[in-house]
Amino acid sequence: MHRHFRQMYDDFVRKFKEVFYDADEGAWYDFNRDTGFLNDAAFPSMAVPLFTMCYDRLDTEMGANVLSTLKRRGLLQFPAGVPTSVKKGTSQQWDYPNGWAPINHMLIEGLRKTGIPE
C-alpha cells in the first residue's frame, strides 16, 4: 500500500513541475489556461511548493533557485513582510502593500525546510 501512495505522490510532483515550474526562472508560476503559458507575474506563492514539499527533494538547488528568484523579482525588499503581490495602485486587497500571513509563513517555512543557510 505504501508503494502505491508513494508512486502517486512521485507522479504528482513530476506533473506539477511539468505544468508550473519555470526552470529558467527557478520558481513555480501560475498557469494561464487561456494562453497555455505560465503567467510571468511574480507572487510569493511561488515558494509554496517548498512548504508543501511538492518537488524533488534530491534537487538540492531548488531552495536557492526560488530564493534567488524572489530576490530578483523584488519580493523580499519589504521590512514589514512580503506583500501578496507587488502590483501597486489597484486598491485590491491582495495587492501591494497588503500581505497575507499564511503566505509569509509558507514562504519562510518552505525556504527553511530546504536547509539553505541564508
# chains A, B, ... in the order shown; residues from 1 in each chain; ligands from 1
$ residues_around --residues "A:Ala64" --least-positions-apart "6" --cutoff "12 Å" --atoms "only C-alpha atoms" --output "PDB file with N, CA and C atoms, in the first residue's frame"
ATOM      1  N   GLU A  25      13.510  30.567 -14.766  1.00  0.00           N
ATOM      2  CA  GLU A  25      13.268  31.493 -13.659  1.00  0.00           C
ATOM      3  C   GLU A  25      13.626  30.881 -12.312  1.00  0.00           C
ATOM      4  N   GLY A  26      13.551  29.578 -12.197  1.00  0.00           N
ATOM      5  CA  GLY A  26      13.863  28.910 -10.940  1.00  0.00           C
ATOM      6  C   GLY A  26      12.752  28.972  -9.920  1.00  0.00           C
ATOM      7  N   ALA A  27      11.498  28.968 -10.385  1.00  0.00           N
ATOM      8  CA  ALA A  27      10.365  29.022  -9.454  1.00  0.00           C
ATOM      9  C   ALA A  27       9.098  28.555 -10.161  1.00  0.00           C
ATOM     10  N   ALA A  47       6.809  30.134  -3.780  1.00  0.00           N
ATOM     11  CA  ALA A  47       7.606  29.331  -2.848  1.00  0.00           C
ATOM     12  C   ALA A  47       6.776  28.290  -2.102  1.00  0.00           C
ATOM     13  N   LEU A  50       7.722  24.578  -1.896  1.00  0.00           N
ATOM     14  CA  LEU A  50       8.781  24.216  -0.949  1.00  0.00           C
ATOM     15  C   LEU A  50       8.167  23.856   0.399  1.00  0.00           C
ATOM     16  N   LEU A  70      12.921  35.098  -5.876  1.00  0.00           N
ATOM     17  CA  LEU A  70      12.188  36.020  -5.002  1.00  0.00           C
ATOM     18  C   LEU A  70      12.944  37.338  -4.852  1.00  0.00           C
ATOM     19  N   LYS A  71      14.243  37.262  -4.689  1.00  0.00           N
ATOM     20  CA  LYS A  71      15.066  38.473  -4.563  1.00  0.00           C
ATOM     21  C   LYS A  71      15.080  39.254  -5.875  1.00  0.00           C
ATOM     22  N   GLY A 110       8.944  27.171   4.010  1.00  0.00           N
ATOM     23  CA  GLY A 110       9.368  26.425   2.825  1.00  0.00           C
ATOM     24  C   GLY A 110      10.854  26.579   2.568  1.00  0.00           C
ATOM     25  N   LEU A 111      11.340  27.810   2.653  1.00  0.00           N
ATOM     26  CA  LEU A 111      12.775  28.043   2.477  1.00  0.00           C
ATOM     27  C   LEU A 111      13.568  27.383   3.595  1.00  0.00           C
ATOM     28  N   ARG A 112      13.064  27.462   4.821  1.00  0.00           N
ATOM     29  CA  ARG A 112      13.757  26.828   5.949  1.00  0.00           C
ATOM     30  C   ARG A 112      13.875  25.324   5.750  1.00  0.00           C
ATOM     31  N   LYS A 113      12.813  24.708   5.266  1.00  0.00           N
ATOM     32  CA  LYS A 113      12.812  23.254   5.060  1.00  0.00           C
ATOM     33  C   LYS A 113      13.875  22.797   4.064  1.00  0.00           C
ATOM     34  N   THR A 114      14.253  23.673   3.143  1.00  0.00           N
ATOM     35  CA  THR A 114      15.254  23.273   2.144  1.00  0.00           C
ATOM     36  C   THR A 114      16.652  23.222   2.732  1.00  0.00           C
ATOM     37  N   GLY A 115      16.847  23.865   3.883  1.00  0.00           N
ATOM     38  CA  GLY A 115      18.152  23.829   4.533  1.00  0.00           C
ATOM     39  C   GLY A 115      19.169  24.811   3.982  1.00  0.00           C
ATOM     40  N   ILE A 116      18.746  25.717   3.104  1.00  0.00           N
ATOM     41  CA  ILE A 116      19.713  26.704   2.611  1.00  0.00           C
ATOM     42  C   ILE A 116      20.092  27.629   3.769  1.00  0.00           C
ATOM     43  N   PRO A 117      21.347  28.028   3.846  1.00  0.00           N
ATOM     44  CA  PRO A 117      21.820  28.775   5.018  1.00  0.00           C
ATOM     45  C   PRO A 117      21.321  30.211   5.118  1.00  0.00           C
ATOM     46  N   GLU A 118      20.869  30.804   4.032  1.00  0.00           N
ATOM     47  CA  GLU A 118      20.503  32.220   4.042  1.00  0.00           C
ATOM     48  C   GLU A 118      19.153  32.469   4.655  1.00  0.00           C
TER      49      GLU A 118
END
$ select_by_dssp --residues "chain A" --states "alpha helix (DSSP H)" --output "VMD selection string"
chain A and resid 2 to 20 48 to 52 62 to 72 101 to 114
$ write_last_selection --atoms "C-alpha atoms" --output "CSV table (one decimal), in the first residue's frame"
chain,number,residue,atom,x,y,z
A,2,HIS,CA,2.8,2.4,0.9
A,3,ARG,CA,4.4,2.0,-2.5
A,4,HIS,CA,1.2,2.8,-4.3
A,5,PHE,CA,0.8,6.1,-2.5
A,6,ARG,CA,4.5,6.9,-2.9
A,7,GLN,CA,4.1,6.3,-6.6
A,8,MET,CA,1.1,8.6,-6.7
A,9,TYR,CA,3.0,11.3,-4.9
A,10,ASP,CA,6.0,11.0,-7.2
A,11,ASP,CA,3.8,11.1,-10.3
A,12,PHE,CA,2.0,14.2,-8.9
A,13,VAL,CA,5.3,16.0,-8.1
A,14,ARG,CA,6.6,15.3,-11.6
A,15,LYS,CA,3.4,16.5,-13.3
A,16,PHE,CA,3.2,19.6,-11.1
A,17,LYS,CA,6.7,20.6,-12.1
A,18,GLU,CA,5.9,20.0,-15.8
A,19,VAL,CA,3.0,22.4,-15.6
A,20,PHE,CA,4.0,25.1,-13.2
A,48,VAL,CA,4.6,27.4,-1.5
A,49,PRO,CA,5.7,24.1,-3.2
A,50,LEU,CA,8.8,24.2,-0.9
A,51,PHE,CA,6.5,24.4,2.1
A,52,THR,CA,4.3,21.5,0.9
A,62,MET,CA,15.6,24.2,-5.6
A,63,GLY,CA,15.6,26.3,-2.4
A,64,ALA,CA,18.4,28.5,-3.6
A,65,ASN,CA,16.8,28.9,-7.0
A,66,VAL,CA,13.5,30.0,-5.5
A,67,LEU,CA,15.2,32.4,-3.1
A,68,SER,CA,17.2,33.9,-5.9
A,69,THR,CA,14.0,34.4,-7.9
A,70,LEU,CA,12.2,36.0,-5.0
A,71,LYS,CA,15.1,38.5,-4.6
A,72,ARG,CA,15.5,39.2,-8.3
A,101,ALA,CA,0.3,36.0,6.9
A,102,PRO,CA,-0.2,32.4,5.8
A,103,ILE,CA,1.7,33.1,2.5
A,104,ASN,CA,4.5,34.7,4.5
A,105,HIS,CA,4.6,31.7,6.8
A,106,MET,CA,4.7,29.2,3.9
A,107,LEU,CA,7.4,31.2,2.2
A,108,ILE,CA,9.6,31.3,5.3
A,109,GLU,CA,9.0,27.7,6.4
A,110,GLY,CA,9.4,26.4,2.8
A,111,LEU,CA,12.8,28.0,2.5
A,112,ARG,CA,13.8,26.8,5.9
A,113,LYS,CA,12.8,23.3,5.1
A,114,THR,CA,15.3,23.3,2.1
$ residues_around --residues "stretch 73-83 of chain A" --least-positions-apart "5" --cutoff "6 Å" --atoms "only C-alpha atoms" --output "PyMOL selection string"
chain A and resi 96-99
$ write_last_selection --atoms "N, CA and C atoms" --output "CSV table (one decimal), in the first residue's frame"
chain,number,residue,atom,x,y,z
A,96,TYR,N,-0.2,45.0,-3.4
A,96,TYR,CA,0.7,45.9,-2.5
A,96,TYR,C,-0.1,47.0,-2.0
A,97,PRO,N,0.1,47.3,-0.7
A,97,PRO,CA,1.1,46.9,0.2
A,97,PRO,C,0.6,45.7,1.2
A,98,ASN,N,-0.5,45.2,0.9
A,98,ASN,CA,-1.1,44.2,1.7
A,98,ASN,C,-0.3,42.8,1.6
A,99,GLY,N,-0.2,42.2,2.7
A,99,GLY,CA,0.4,40.8,2.8
A,99,GLY,C,-0.6,39.9,3.4
$ select_by_dssp --residues "chain A" --states "strand (DSSP E)" --output "list in words"
Tyr21, Asp22, Ala27, Trp28, Phe31, Asn32, Phe37 and Leu38 of chain A
